[in-house]
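Student: Sharing a structure with you now.
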Amino acid sequence: MNVVLLGPPGAGKGTQAARIAGTFDLLHLSSGDILRAERKARTELGRKAQDYMDRGVLVPDDLILAMMMDHIARPEAAAGFLLDGFPRTLAQAEGLDQRLAARGARIEIVVNMVVDDAEVTRRLTGRWSCPTDGRIYHEMFSPPRKAGVCDDCGSALTRRKDDEPEVVGQRLKTYHAETKPLVAYYTSRGVLQSVDAGGSVEEVTASIERVCRRS
Ligand code: AP5
């Protein structure tokens, strides 16, 4: 099963992807996490992506498509994958479909996570992440047991630079202009299912699991 989680920044794509990938035994591929790892490793791609990410605008399509197809082509993805943060433009979605078709594969389910801008702003401005294992926390909605420390590995939690309020505003603008058109694209292909992502983490997981089980 090949699945895409679609939704605005802060919809909970990363939070849900970790849960859903575990339940259905899918490889979780987050374009944002892969880009942040490239930056940390100071690769050429990481250096090219840095400025776009810090400004809250999209990294060019050709760089993203090449990066994601490299991961999708790996043997670990053969049994099924879950994409989080990709595709994010019509050019990326069309490029992905063409490249998958050439391999005899396709996207079977696109989960459209629906949540309003006020709620995602609340979520992003309270987010903390573990730089070691990637676990995501929220200072009010899902706090760590000890403030500022990862429950699983004990690392000091960090905040993302692009979660500053002014960058969040730009990311939302980018989402509405460039990514929202994918709702119509995937609806026309008959694979889109919308879920209410404004509830608790557990409620949203249950909705996405239902969609995946009946598809
Ligand atoms: P990326 O890392 O993909 O960021 P994003 O899509 O903006 O999404 P986020 O990671 O911010 O949010 P999320 O939906 O995963 O929410 P989360 O689960 O963390 O992209 C970053 C940048 O990289 C982009 O701006 C761009 O520059 C570049 N990039 C990436 N992909 C690209 C592409 N394809 N093309 C071009 N450029 C690309 O949850 C958020 C918070 O809410 C957390 O604190 C969490 O604990 C909390 N939370 C989650 N669910 C709930 C809930 N149900 N109730 C209460 N709190 C919740």
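Going by the structure tokens order, chains are called A, B, ..., each with residues numbered from 1, while ligands are numbered from 1 in the order shown.
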Counting only C-alpha atoms and all ligand atoms, what are the residues of chain A within 6 Å of ligand 1, and for each of them which pair of atoms is the nearest and at what distance in Å, to one decimal? Sort the table by chain and rising number, as a tab-separated table.
Tutor:
```
residue	atom	partner	partner_atom_place_in_ligand_line	distance
A:Pro9	CA	ligand 1	7 (O)	3.4
A:Gly10	CA	ligand 1	12 (O)	3.5
A:Ala11	CA	ligand 1	14 (O)	4.0
A:Gly12	CA	ligand 1	18 (O)	3.3
A:Lys13	CA	ligand 1	14 (O)	3.7
A:Gly14	CA	ligand 1	15 (O)	3.6
A:Thr15	CA	ligand 1	18 (O)	3.6
A:Ser31	CA	ligand 1	31 (N)	4.4
A:Gly32	CA	ligand 1	2 (O)	3.4
A:Asp33	CA	ligand 1	2 (O)	5.8
A:Tyr52	CA	ligand 1	27 (O)	5.1
A:Met53	CA	ligand 1	27 (O)	3.4
A:Gly56	CA	ligand 1	25 (O)	4.3
A:Val57	CA	ligand 1	27 (O)	4.8
A:Leu58	CA	ligand 1	37 (N)	3.7
A:Val59	CA	ligand 1	37 (N)	3.9
A:Ile64	CA	ligand 1	35 (N)	5.7
A:Gly85	CA	ligand 1	3 (O)	4.2
A:Phe86	CA	ligand 1	34 (N)	3.9
A:Pro87	CA	ligand 1	34 (N)	4.9
A:Arg88	CA	ligand 1	34 (N)	4.7
A:Arg123	CA	ligand 1	42 (O)	4.0
A:Leu124	CA	ligand 1	41 (C)	5.0
A:Gly126	CA	ligand 1	44 (O)	5.7
A:Arg127	CA	ligand 1	44 (O)	3.4
A:Trp128	CA	ligand 1	44 (O)	5.9
A:Ile136	CA	ligand 1	46 (O)	5.3
A:Tyr137	CA	ligand 1	46 (O)	4.1
A:His138	CA	ligand 1	44 (O)	3.7
A:Phe141	CA	ligand 1	56 (N)	5.1
A:Ser142	CA	ligand 1	46 (O)	5.6
A:Arg171	CA	ligand 1	25 (O)	5.9
A:Gly198	CA	ligand 1	53 (N)	5.9
A:Gly199	CA	ligand 1	53 (N)	5.2
A:Ser200	CA	ligand 1	53 (N)	4.0
A:Val201	CA	ligand 1	53 (N)	3.6
```
Student: List every residue of segment 28-215 of chain A that DSSP, applied to the backbone of this structure, places in strand (DSSP E), and write the result as a ChimeraX atom specification.
Tutor: /A:28-30,81-84,109-114,127-129,136-138,192-196
Student: Select, from A:Arg55, A:Thr187, A:Glu76, A:Val111, the residue with the minimum atom-to-atom distance to Cys212 of chain A, counting only C-alpha atoms.
Tutor: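 Among the listed residues, A:Val111 lies closest to Cys212 of chain A.
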Student: So, counting only C-alpha atoms, which residue among A:Ala102, A:Ala49, A:Met69, A:Val110 is closest to Leu6 of chain A?
Tutor: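 Result for the nearest residue to Leu6 of chain A: A:Val110.
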Student: Near Asp54 of chain A, within 7 Å and counting only C-alpha atoms, which residues show up once chain neighbours fewer than 3 positions away are dropped, as JSON, numbers by chain?
Tutor: {"A": [50, 51, 161, 162]}
Student: In Å, how far is it from atom CA of Ala197 of chain A to atom CA of Ile34 of chain A?
Tutor: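 So the answer is 23.8 Å.
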